[in-house]
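Q: Coordinates in structure.cif, mmCIF, C-alpha atoms and all ligand atoms, are listed below.
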```cif
data_final
#
loop_
_atom_site.label_atom_id
_atom_site.label_comp_id
_atom_site.auth_asym_id
_atom_site.auth_seq_id
_atom_site.Cartn_x
_atom_site.Cartn_y
_atom_site.Cartn_z
CA MET A 1 161.28 162.53 32.82
CA THR A 2 157.62 161.60 32.83
CA THR A 3 155.42 164.23 34.45
CA ILE A 4 152.10 163.97 36.28
CA ASN A 5 148.80 165.80 36.17
CA GLU A 6 149.71 168.48 38.73
CA ASN A 7 146.06 169.18 39.40
CA TYR A 8 145.92 166.03 41.53
CA LEU A 9 148.34 167.69 43.95
CA LYS A 10 145.77 170.42 44.62
CA LEU A 11 143.24 167.92 45.98
CA LYS A 12 142.73 167.99 49.71
CA ALA A 13 144.47 164.71 50.52
CA GLY A 14 142.52 162.17 52.53
CA TYR A 15 139.94 164.39 54.09
CA LEU A 16 136.40 163.43 55.05
CA PHE A 17 135.85 159.67 54.98
CA PRO A 18 139.48 158.68 55.55
CA GLU A 19 139.58 161.05 58.55
CA ILE A 20 136.36 159.53 59.90
CA ALA A 21 137.84 156.05 59.50
CA ARG A 22 141.04 157.14 61.24
CA ARG A 23 139.17 158.50 64.27
CA VAL A 24 136.80 155.52 64.46
CA ASN A 25 139.66 153.02 64.22
CA ALA A 26 141.67 154.82 66.89
CA PHE A 27 138.64 154.83 69.18
CA ALA A 28 137.85 151.17 68.48
CA GLN A 29 141.40 150.14 69.27
CA ALA A 30 141.40 152.00 72.55
CA ASN A 31 137.92 150.69 73.40
CA PRO A 32 137.67 147.16 72.02
CA ASP A 33 134.36 146.46 73.80
CA ALA A 34 132.52 149.50 72.40
CA LYS A 35 129.66 148.55 70.08
CA ILE A 36 130.06 151.21 67.42
CA ILE A 37 127.07 152.02 65.18
CA ARG A 38 127.92 153.63 61.86
CA LEU A 39 125.38 156.09 60.49
CA GLY A 40 128.02 157.88 58.48
CA ILE A 41 128.74 156.70 54.97
CA GLY A 42 125.81 156.87 52.54
CA ASP A 43 125.78 153.24 51.49
CA VAL A 44 122.71 151.03 51.46
CA THR A 45 122.46 148.07 53.84
CA GLU A 46 119.45 146.01 52.70
CA PRO A 47 119.69 143.13 50.20
CA LEU A 48 118.94 143.45 46.47
CA PRO A 49 115.24 143.15 45.57
CA THR A 50 114.20 139.61 44.61
CA ALA A 51 112.95 140.76 41.20
CA CYS A 52 116.42 142.10 40.35
CA ARG A 53 118.21 138.99 41.58
CA THR A 54 115.86 136.67 39.69
CA ALA A 55 116.42 138.64 36.48
CA MET A 56 120.19 138.57 36.95
CA ILE A 57 120.24 134.83 37.65
CA LYS A 58 118.28 134.24 34.44
CA ALA A 59 120.73 136.48 32.57
CA VAL A 60 123.67 134.50 33.93
CA GLU A 61 122.05 131.32 32.59
CA GLU A 62 121.60 132.96 29.19
CA MET A 63 125.31 133.73 29.17
CA GLY A 64 125.97 129.99 29.57
CA ASP A 65 124.25 129.05 26.34
CA ARG A 66 125.78 129.77 22.92
CA ALA A 67 122.34 130.64 21.52
CA THR A 68 121.68 133.40 24.08
CA PHE A 69 125.24 134.41 24.98
CA LYS A 70 125.98 138.15 24.78
CA GLY A 71 129.30 139.78 24.02
CA TYR A 72 129.77 143.53 23.80
CA GLY A 73 126.47 145.35 24.07
CA PRO A 74 125.66 148.84 22.82
CA GLU A 75 127.87 151.43 24.56
CA GLN A 76 124.73 153.46 25.30
CA GLY A 77 122.94 150.54 26.95
CA TYR A 78 120.38 148.04 25.68
CA ASP A 79 117.29 149.49 24.04
CA TRP A 80 114.90 147.46 26.20
CA LEU A 81 116.30 149.15 29.34
CA ARG A 82 116.44 152.65 27.84
CA GLU A 83 112.84 152.25 26.67
CA LYS A 84 111.58 151.30 30.12
CA ILE A 85 113.41 154.17 31.77
CA ALA A 86 112.05 156.66 29.24
CA ALA A 87 108.50 155.37 29.73
CA HIS A 88 108.42 154.89 33.53
CA ASP A 89 110.75 157.57 34.85
CA TYR A 90 110.08 160.32 32.33
CA GLN A 91 107.10 160.00 29.98
CA ALA A 92 104.84 158.83 32.83
CA ARG A 93 105.66 162.12 34.58
CA GLY A 94 104.96 164.17 31.50
CA CYS A 95 108.66 164.67 30.67
CA GLU A 96 109.62 164.65 27.05
CA VAL A 97 112.63 162.32 27.16
CA ASP A 98 113.28 159.87 24.35
CA LYS A 99 115.05 156.55 24.90
CA SER A 100 117.82 157.68 22.56
CA GLU A 101 118.64 160.44 25.06
CA ILE A 102 119.28 157.95 27.88
CA PHE A 103 122.83 156.67 28.32
CA ILE A 104 123.23 153.67 30.64
CA SER A 105 126.39 153.67 32.73
CA ASP A 106 128.03 151.99 35.68
CA GLY A 107 127.44 154.91 38.03
CA SER A 108 126.45 158.50 38.54
CA LYS A 109 129.68 159.15 40.37
CA CYS A 110 131.67 158.47 37.20
CA ASP A 111 129.14 160.19 34.93
CA THR A 112 129.11 163.42 36.94
CA GLY A 113 132.90 163.42 36.64
CA ASN A 114 133.19 162.15 33.06
CA ILE A 115 130.69 164.66 31.69
CA LEU A 116 133.40 167.33 31.99
CA ASP A 117 135.18 165.62 29.07
CA ILE A 118 132.80 167.24 26.59
CA PHE A 119 133.02 170.78 27.98
CA GLY A 120 135.65 173.45 27.58
CA ASN A 121 138.21 174.32 30.23
CA ASN A 122 137.27 177.95 30.69
CA ASN A 123 133.71 177.61 31.92
CA THR A 124 132.74 179.28 35.19
CA ILE A 125 131.51 176.53 37.49
CA ALA A 126 129.13 176.87 40.42
CA VAL A 127 128.59 174.35 43.20
CA THR A 128 126.59 174.53 46.38
CA ASP A 129 128.32 174.62 49.74
CA PRO A 130 127.97 172.03 51.31
CA VAL A 131 128.29 169.77 48.26
CA TYR A 132 128.75 166.15 47.11
CA PRO A 133 132.58 166.22 46.93
CA VAL A 134 132.76 164.46 43.54
CA TYR A 135 131.59 167.59 41.69
CA VAL A 136 134.41 169.66 43.13
CA ASP A 137 137.24 167.13 42.96
CA THR A 138 136.60 166.17 39.34
CA ASN A 139 136.85 169.84 38.38
CA VAL A 140 140.09 170.13 40.33
CA MET A 141 141.49 167.07 38.50
CA ALA A 142 140.48 168.57 35.14
CA GLY A 143 142.41 171.73 35.92
CA HIS A 144 139.34 173.95 36.22
CA THR A 145 140.37 175.46 39.57
CA GLY A 146 143.21 177.12 41.38
CA PRO A 147 144.57 175.76 44.67
CA ALA A 148 142.40 175.44 47.79
CA ASN A 149 142.42 178.02 50.56
CA GLU A 150 142.43 177.22 54.28
CA ALA A 151 138.65 176.68 54.31
CA GLY A 152 139.12 174.10 51.56
CA GLU A 153 137.57 176.32 48.87
CA PHE A 154 139.17 176.09 45.44
CA GLY A 155 140.04 179.25 43.56
CA GLY A 156 137.95 179.77 40.44
CA LEU A 157 134.85 177.89 41.62
CA VAL A 158 131.70 179.79 42.56
CA TYR A 159 130.38 178.51 45.89
CA LEU A 160 126.68 178.98 46.61
CA PRO A 161 126.06 178.60 50.37
CA ILE A 162 123.07 176.48 51.41
CA THR A 163 122.09 176.89 55.04
CA ALA A 164 118.98 176.92 57.22
CA GLU A 165 118.63 180.64 56.40
CA ASN A 166 117.89 179.91 52.73
CA ASN A 167 116.09 176.64 53.37
CA PHE A 168 119.11 174.80 51.92
CA THR A 169 118.33 176.00 48.41
CA ALA A 170 120.99 178.21 46.83
CA GLN A 171 120.24 181.74 45.82
CA ILE A 172 120.39 182.25 42.06
CA PRO A 173 123.77 183.94 41.44
CA SER A 174 123.90 187.55 40.36
CA GLN A 175 126.94 186.83 38.19
CA LYS A 176 126.97 184.65 35.08
CA VAL A 177 128.08 181.04 35.55
CA ASP A 178 128.33 178.50 32.74
CA ILE A 179 127.82 175.24 34.62
CA ILE A 180 125.75 174.71 37.78
CA TYR A 181 125.63 171.48 39.76
CA LEU A 182 122.31 170.90 41.52
CA CYS A 183 121.49 167.82 43.59
CA PHE A 184 117.85 167.29 44.64
CA PRO A 185 116.87 165.60 46.90
CA ASN A 186 120.14 166.81 48.32
CA ASN A 187 123.07 164.90 49.67
CA PRO A 188 124.07 165.91 52.35
CA THR A 189 121.28 168.24 53.59
CA GLY A 190 118.22 166.15 52.63
CA ALA A 191 116.61 169.29 51.17
CA VAL A 192 114.32 169.24 48.13
CA ALA A 193 113.54 171.84 45.49
CA THR A 194 110.07 173.08 44.62
CA LYS A 195 108.98 173.51 41.02
CA GLU A 196 109.32 177.27 41.49
CA HIS A 197 112.92 176.98 42.63
CA LEU A 198 113.88 174.73 39.72
CA LYS A 199 112.02 177.01 37.33
CA ALA A 200 114.11 179.94 38.57
CA TRP A 201 117.27 177.94 37.78
CA VAL A 202 116.03 176.92 34.35
CA ASP A 203 115.12 180.52 33.56
CA TYR A 204 118.55 181.67 34.76
CA ALA A 205 120.32 179.01 32.70
CA LYS A 206 118.37 179.86 29.57
CA ALA A 207 118.97 183.59 30.00
CA ASN A 208 122.71 183.06 30.50
CA GLY A 209 123.38 180.18 28.14
CA SER A 210 124.33 178.01 31.13
CA ILE A 211 124.02 174.26 31.60
CA ILE A 212 122.59 172.65 34.74
CA PHE A 213 123.98 169.30 35.86
CA PHE A 214 121.02 167.86 37.77
CA ASP A 215 121.83 164.95 40.08
CA ALA A 216 118.58 163.12 40.88
CA ALA A 217 120.14 160.07 42.57
CA TYR A 218 117.61 160.32 45.42
CA GLU A 219 114.43 161.09 43.44
CA ALA A 220 112.79 157.81 44.56
CA PHE A 221 112.79 159.07 48.14
CA ILE A 222 110.44 161.97 47.37
CA SER A 223 107.06 161.47 49.03
CA ASP A 224 105.60 164.97 48.62
CA PRO A 225 103.54 164.92 45.37
CA GLU A 226 104.32 168.60 44.74
CA ILE A 227 108.08 168.05 44.51
CA PRO A 228 109.48 167.41 41.02
CA HIS A 229 111.48 164.20 40.49
CA SER A 230 113.19 165.36 37.33
CA ILE A 231 114.49 168.70 36.06
CA TYR A 232 112.61 167.90 32.83
CA GLU A 233 109.34 168.48 34.67
CA ILE A 234 110.29 172.15 34.27
CA GLU A 235 109.50 173.75 30.95
CA GLY A 236 112.61 174.69 29.03
CA ALA A 237 114.92 172.27 30.86
CA ARG A 238 115.56 170.27 27.68
CA ASP A 239 117.50 173.30 26.44
CA CYS A 240 119.71 173.70 29.49
CA ALA A 241 120.00 170.55 31.62
CA ILE A 242 121.68 167.18 31.81
CA GLU A 243 120.22 164.78 34.39
CA PHE A 244 121.98 162.01 36.31
CA ARG A 245 120.15 159.09 37.88
CA SER A 246 121.27 155.91 39.54
CA PHE A 247 119.91 152.54 40.65
CA SER A 248 122.28 152.69 43.63
CA LYS A 249 119.99 154.13 46.24
CA ASN A 250 116.45 153.20 45.14
CA ALA A 251 117.27 149.58 44.25
CA GLY A 252 120.36 148.97 46.38
CA PHE A 253 122.73 148.76 43.39
CA THR A 254 125.72 150.45 45.10
CA GLY A 255 127.70 147.22 44.77
CA THR A 256 125.98 146.08 41.56
CA ARG A 257 126.54 149.30 39.53
CA CYS A 258 124.01 150.75 37.12
CA ALA A 259 123.03 154.35 36.45
CA LEU A 260 121.98 156.62 33.61
CA THR A 261 122.56 160.06 32.22
CA VAL A 262 120.04 161.98 30.13
CA VAL A 263 121.41 164.29 27.45
CA PRO A 264 118.55 165.84 25.44
CA GLN A 265 119.04 166.00 21.68
CA THR A 266 118.00 169.66 21.88
CA LEU A 267 120.86 170.65 24.18
CA THR A 268 123.77 172.60 22.71
CA ALA A 269 126.86 174.49 23.81
CA GLN A 270 129.19 176.74 21.90
CA ALA A 271 132.37 176.02 19.95
CA SER A 272 135.09 178.69 19.77
CA ASP A 273 133.93 179.71 16.29
CA GLY A 274 130.51 180.51 17.71
CA THR A 275 128.63 177.52 16.31
CA ASN A 276 126.26 175.64 18.57
CA VAL A 277 127.19 171.98 18.91
CA GLU A 278 124.82 169.25 20.06
CA LEU A 279 126.04 167.88 23.36
CA TRP A 280 124.24 164.58 22.69
CA LYS A 281 126.64 163.92 19.80
CA LEU A 282 129.69 164.67 21.91
CA TRP A 283 128.55 162.53 24.83
CA ASN A 284 127.63 159.69 22.46
CA ARG A 285 131.10 159.93 20.94
CA ARG A 286 132.75 160.11 24.35
CA GLN A 287 130.91 157.03 25.64
CA SER A 288 131.47 155.05 22.43
CA THR A 289 135.19 155.74 22.64
CA LYS A 290 135.92 155.43 26.34
CA PHE A 291 133.20 153.04 27.58
CA ASN A 292 132.02 149.61 26.52
CA GLY A 293 128.68 149.48 28.25
CA VAL A 294 127.29 147.97 31.43
CA SER A 295 127.19 144.19 31.83
CA TYR A 296 124.19 142.51 30.21
CA ILE A 297 123.45 140.73 33.49
CA ILE A 298 123.35 143.98 35.46
CA GLN A 299 121.17 145.73 32.87
CA ARG A 300 118.67 142.86 33.12
CA GLY A 301 118.71 143.37 36.90
CA ALA A 302 118.02 147.09 36.43
CA GLU A 303 115.23 146.36 33.96
CA ALA A 304 113.46 144.30 36.64
CA VAL A 305 113.09 147.49 38.70
CA TYR A 306 110.30 148.39 36.26
CA SER A 307 108.39 145.09 36.51
CA PRO A 308 105.30 145.10 38.78
CA GLU A 309 107.13 142.96 41.38
CA GLY A 310 110.24 145.12 41.09
CA GLU A 311 108.27 148.32 41.51
CA ALA A 312 106.59 146.99 44.66
CA GLN A 313 109.88 145.76 46.11
CA ILE A 314 111.64 149.05 45.46
CA LYS A 315 108.80 150.95 47.04
CA ALA A 316 109.12 148.78 50.13
CA LEU A 317 112.88 149.31 50.23
CA VAL A 318 112.57 153.08 49.98
CA SER A 319 109.84 153.16 52.58
CA PHE A 320 111.95 151.04 54.92
CA TYR A 321 114.78 153.58 54.79
CA MET A 322 112.36 156.48 55.07
CA SER A 323 110.88 154.95 58.22
CA ASN A 324 114.42 154.96 59.61
CA ALA A 325 114.67 158.64 58.65
CA LYS A 326 111.40 159.32 60.47
CA ILE A 327 112.66 157.62 63.62
CA ILE A 328 115.86 159.67 63.47
CA ARG A 329 113.97 162.92 62.94
CA GLU A 330 111.40 162.30 65.63
CA GLN A 331 113.79 161.06 68.29
CA LEU A 332 116.26 163.88 67.80
CA THR A 333 113.49 166.50 67.68
CA ALA A 334 112.02 165.13 70.93
CA ALA A 335 115.47 165.45 72.48
CA GLY A 336 115.50 169.13 71.55
CA VAL A 337 117.87 168.84 68.60
CA GLN A 338 117.14 170.89 65.47
CA VAL A 339 116.96 168.66 62.39
CA TYR A 340 116.39 169.24 58.68
CA GLY A 341 115.79 166.91 55.74
CA GLY A 342 114.82 163.28 56.23
CA VAL A 343 111.30 163.74 54.80
CA ASN A 344 111.92 163.39 51.06
CA ALA A 345 115.52 162.18 51.36
CA PRO A 346 117.34 159.48 53.34
CA TYR A 347 119.59 162.01 55.09
CA VAL A 348 118.89 163.95 58.24
CA TRP A 349 120.89 167.15 58.56
CA VAL A 350 121.39 167.97 62.20
CA LYS A 351 122.24 171.37 63.69
CA THR A 352 124.93 170.51 66.22
CA PRO A 353 123.70 171.17 69.79
CA ASN A 354 125.40 173.79 71.97
CA SER A 355 127.08 175.37 68.92
CA LEU A 356 129.62 172.55 68.79
CA SER A 357 131.75 172.40 65.66
CA SER A 358 130.93 169.53 63.31
CA TRP A 359 134.05 167.60 64.30
CA ASP A 360 133.57 168.27 68.03
CA PHE A 361 130.05 166.85 67.78
CA PHE A 362 131.45 163.89 65.83
CA ASP A 363 133.99 163.19 68.60
CA HIS A 364 131.34 163.71 71.29
CA LEU A 365 128.98 161.14 69.74
CA LEU A 366 131.76 158.67 69.03
CA GLN A 367 133.19 158.85 72.53
CA THR A 368 130.05 159.07 74.62
CA VAL A 369 127.56 156.89 72.72
CA ASN A 370 129.74 155.16 70.11
CA VAL A 371 127.67 156.41 67.18
CA VAL A 372 129.35 157.57 63.96
CA GLY A 373 127.89 160.23 61.68
CA THR A 374 129.40 162.61 59.13
CA PRO A 375 130.65 166.08 60.07
CA GLY A 376 128.89 168.68 57.93
CA SER A 377 132.06 170.73 57.52
CA GLY A 378 133.51 167.84 55.49
CA PHE A 379 131.05 168.74 52.71
CA GLY A 380 132.10 172.39 52.62
CA ALA A 381 132.71 175.44 54.78
CA SER A 382 129.00 176.25 55.11
CA GLY A 383 128.39 172.75 56.48
CA GLU A 384 130.21 173.79 59.67
CA GLY A 385 127.92 173.42 62.68
CA TYR A 386 125.93 170.66 60.97
CA PHE A 387 126.11 166.89 61.04
CA ARG A 388 124.71 164.29 58.61
CA ILE A 389 122.95 161.17 59.84
CA SER A 390 122.16 158.55 57.22
CA ALA A 391 118.96 156.49 57.24
CA PHE A 392 120.73 153.69 55.37
CA ASN A 393 120.98 151.13 58.14
CA SER A 394 119.13 148.31 59.85
CA ARG A 395 116.12 149.23 61.98
CA GLU A 396 117.83 147.75 64.99
CA ASN A 397 120.92 149.95 64.57
CA VAL A 398 118.87 153.09 64.00
CA GLU A 399 116.72 152.48 67.07
CA GLU A 400 119.69 151.64 69.24
CA ALA A 401 121.68 154.65 68.00
CA MET A 402 118.77 157.01 68.67
CA LYS A 403 118.24 155.57 72.14
CA ARG A 404 121.89 156.20 72.92
CA ILE A 405 122.04 159.69 71.41
CA THR A 406 118.84 160.97 72.99
CA SER A 407 120.06 159.80 76.41
CA ARG A 408 123.18 161.93 76.09
CA VAL A 409 122.73 165.08 73.98
C1 LIG A 501 125.03 157.89 45.94
C2 LIG A 501 125.05 159.08 45.07
C3 LIG A 501 125.10 158.94 43.68
C4 LIG A 501 125.10 157.59 43.03
O1 LIG A 501 126.37 157.25 42.63
P1 LIG A 501 126.62 155.87 41.89
O2 LIG A 501 128.00 156.02 41.33
O3 LIG A 501 125.57 155.73 40.83
O4 LIG A 501 126.55 154.79 42.93
C5 LIG A 501 125.09 160.08 42.90
N1 LIG A 501 125.04 161.31 43.45
C6 LIG A 501 125.00 161.49 44.78
C7 LIG A 501 124.90 162.85 45.33
C8 LIG A 501 125.01 160.38 45.63
O5 LIG A 501 124.98 160.56 46.94
#
```
In structure tokens, write the structure found in this file.
Ligand SMILES: *Cc1c(COP(=O)(O)O)cnc(C)c1O
A:
Amino acid sequence: MTTINENYLKLKAGYLFPEIARRVNAFAQANPDAKIIRLGIGDVTEPLPTACRTAMIKAVEEMGDRATFKGYGPEQGYDWLREKIAAHDYQARGCEVDKSEIFISDGSKCDTGNILDIFGNNNTIAVTDPVYPVYVDTNVMAGHTGPANEAGEFGGLVYLPITAENNFTAQIPSQKVDIIYLCFPNNPTGAVATKEHLKAWVDYAKANGSIIFFDAAYEAFISDPEIPHSIYEIEGARDCAIEFRSFSKNAGFTGTRCALTVVPQTLTAQASDGTNVELWKLWNRRQSTKFNGVSYIIQRGAEAVYSPEGEAQIKALVSFYMSNAKIIREQLTAAGVQVYGGVNAPYVWVKTPNSLSSWDFFDHLLQTVNVVGTPGSGFGASGEGYFRISAFNSRENVEEAMKRITSRV
């Protein structure tokens, strides 16, 4: 009899977003006239920048002509895109990242999961709590954890609580961990890390032979000039960090799909015989074997992000969402609600009023003002008592939602 990967049975079946959908649908059915505003799921709402669309249309035309038609591209991505990323996103910030170290992919979600392919199965893995669920579930699928307890915590993982008490930045663990997932600016809390905080992690990783998985999907939303955009702004990070970036949030590519992972040539990890192996080689081999590259058309669209028009359009897009975040922060604060984040990240992390649980506050908002957010407890046990509101929406919806919430909290 054929057997399955039993690890999938450990996953918490249909939790956060399916449960939100279930409650919203039940409410909508019972109240067909309610005008529900969804500030829950972290998807963008505004159209693709013109520069990206123009570049993609041109690329489609090239595909229609035998002379310019493209078949399989390089698995690592086209050089012209990798070059622009290296120059604009890294070298311009003083980071030593070469284009050969940039691997273009169809998403950071898959990359943060796939990266586990090149690591051993006995590493100690640390995640923050609350956390982007992909980091946890992909480790469960790979068999790196035991079963979950009642709080939803998986045996074998090291959970680092992030709460208001520690400014939503995890304390450096006292024990040794091999792999640490960091996400800054953070989803879901909207927190950012200072240079000093990242330096402490890099120092820890170097002292312990650990690797940091740095998810910088929201770096474009940083407005504070003191906040680093890349882990490679920290000295020594090339020896201990892999960075993930995506065009999903800055350029609205959630439905278009393009991202990148940086694996420095200097980064190594150990084989069982004690030799240090270059991770770049393993990731290059992994991608060449299991991936055939991102569509030429899409890579041309991503390249346009770095043109002068593209840069201006992306800046406008980011500032549009960040103005939403400002409205959310200011309106909730004026209504006496404690909020965090939303300054260098498109998420506002709300302390639930009157000590309501995350789900009770969710139900309260849904039923009284027909606004949907995301219960903090869905991102981890330490998210209990918090609630995420996303700035990814139309201005009209954000203003209307805030008017309704502030009249009722
Ligand atoms: C949205 C998001 C990403 C981007 O994922 P893609 O697969 O590139 O769309 C990565 N990390 C986090 C934490 C995110 O919220």
Q: Counting only C-alpha atoms, which of A:Glu311, A:Glu399, A:Glu243, A:Glu96 gets nearest to Ser108 of chain A?
A: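 Using only C-alpha atoms, the shortest distance to Ser108 of chain A belongs to A:Glu243.
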Q: Kindly work out which residues sit at most 6 Å from ligand LIG 501 (chain A), using all atoms listed in the file, and give the list as a list of chain:residue names.
A: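 I would give the residues around ligand LIG 501 (chain A) as A:Gly107, A:Ser108, A:Lys109, A:Tyr132, A:Asn187, A:Asp215, A:Ala217, A:Ser246, A:Ser248, A:Thr254, A:Ala259.
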Q: Nearest to Asp129 of chain A among A:Glu6, A:Asp178, A:Asn186, A:Arg38, with distances taken over all atoms listed in the file: which residue is it?
A: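 Using all atoms listed in the file, the shortest distance to Asp129 of chain A belongs to A:Asn186.
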Q: Taking the point (123.2, 154.9, 51.0) as given in the file, collect each protein or nucleic acid residue that comes within 10 Å of it, counting only C-alpha atoms, and present the set as a list in words.
A: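 Result, sorted by chain then residue number: Leu39, Gly40, Ile41, Gly42, Asp43, Val44, Thr45, Glu46, Tyr218, Ser248, Lys249, Asn250, Gly252, Phe253, Thr254, Tyr321, Pro346, Tyr347, Ser390, Ala391, Phe392 and Asn393 of chain A.
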Q: When you count all atoms listed in the file, which of these residues is closest to Val371 of chain A: A:Gln338, A:Thr406, A:Gln270, A:Gln171?
A: A:Thr406
Q: What does the structure give for the distance between atom CA of Phe387 of chain A and atom CA of Val350 of chain A, in Å to one decimal?
A: 5.0 Å
Q: Can you tell me, as a ChimeraX atom specification, what residues are no more than 8 Å from Glu233 of chain A when counting all atoms listed in the file, ignoring any on the same chain fewer than 2 positions away?
A: /A:93-95,228-231,235,237
Q: Using only C-alpha atoms, which of the listed residues (A:Gly73, A:Gly383, A:Pro375, A:Gly336) sits closest to Glu19 of chain A?
A: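 Of A:Gly73, A:Gly383, A:Pro375, A:Gly336, the one nearest Glu19 of chain A is A:Pro375, counting only C-alpha atoms.
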Q: For a quick check of understanding, using all atoms listed in the file, which of A:Val97, A:Ala304, A:Val372, A:Ile405 has the smallest distance to Gln331 of chain A?
A: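 Of A:Val97, A:Ala304, A:Val372, A:Ile405, the one nearest Gln331 of chain A is A:Ile405, counting all atoms listed in the file.
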Q: Please report the interatomic distance between atom CA of Ile85 of chain A and atom CA of Val277 of chain A in Å with one decimal.
A: 25.9 Å
Q: From the list A:Leu48, A:Ile234, A:Ala381, A:Ile211, which residue is nearest Val131 of chain A when using all atoms listed in the file?
A: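 Among A:Leu48, A:Ile234, A:Ala381, A:Ile211, it is A:Ala381 that comes nearest to Val131 of chain A.
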Q: Please report the interatomic distance between atom CA of Pro308 of chain A and atom CA of Ala325 of chain A in Å with one decimal.
A: 25.8 Å
Q: Using all atoms listed in the file, determine which residues lie at most 12 Å from Asp360 of chain A, disregarding the query and same-chain residues fewer than 5 positions distant; provide the list as a list in words.
A: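 My reading of the contact set: Arg23, Thr352, Pro353, Asn354, Ser355, Leu365, Leu366, Gln367, Thr368, Gly373, Thr374, Pro375, Gly376, Ser377, Glu384, Gly385, Tyr386 and Phe387 of chain A.
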Q: So that I have them on file, write out the residues from the current selection with C-alpha atoms, as a tab-separated table (two decimals), keeping the file's coordinate frame.
A:
```
chain	number	residue	atom	x	y	z
A	23	ARG	CA	139.17	158.50	64.27
A	352	THR	CA	124.93	170.51	66.22
A	353	PRO	CA	123.70	171.17	69.79
A	354	ASN	CA	125.40	173.79	71.97
A	355	SER	CA	127.08	175.37	68.92
A	365	LEU	CA	128.98	161.14	69.74
A	366	LEU	CA	131.76	158.67	69.03
A	367	GLN	CA	133.19	158.85	72.53
A	368	THR	CA	130.05	159.07	74.62
A	373	GLY	CA	127.89	160.23	61.68
A	374	THR	CA	129.40	162.61	59.13
A	375	PRO	CA	130.65	166.08	60.07
A	376	GLY	CA	128.89	168.68	57.93
A	377	SER	CA	132.06	170.73	57.52
A	384	GLU	CA	130.21	173.79	59.67
A	385	GLY	CA	127.92	173.42	62.68
A	386	TYR	CA	125.93	170.66	60.97
A	387	PHE	CA	126.11	166.89	61.04
```
Q: When you look at segment 98-100 of chain A with a cut-off of 8 Å (counting all atoms listed in the file), what residues show up, excluding the ones that are within fewer than 5 positions of it in the same chain? I need them as an NGL selection string.
A: :A and (79 or 82-83 or 85-86)
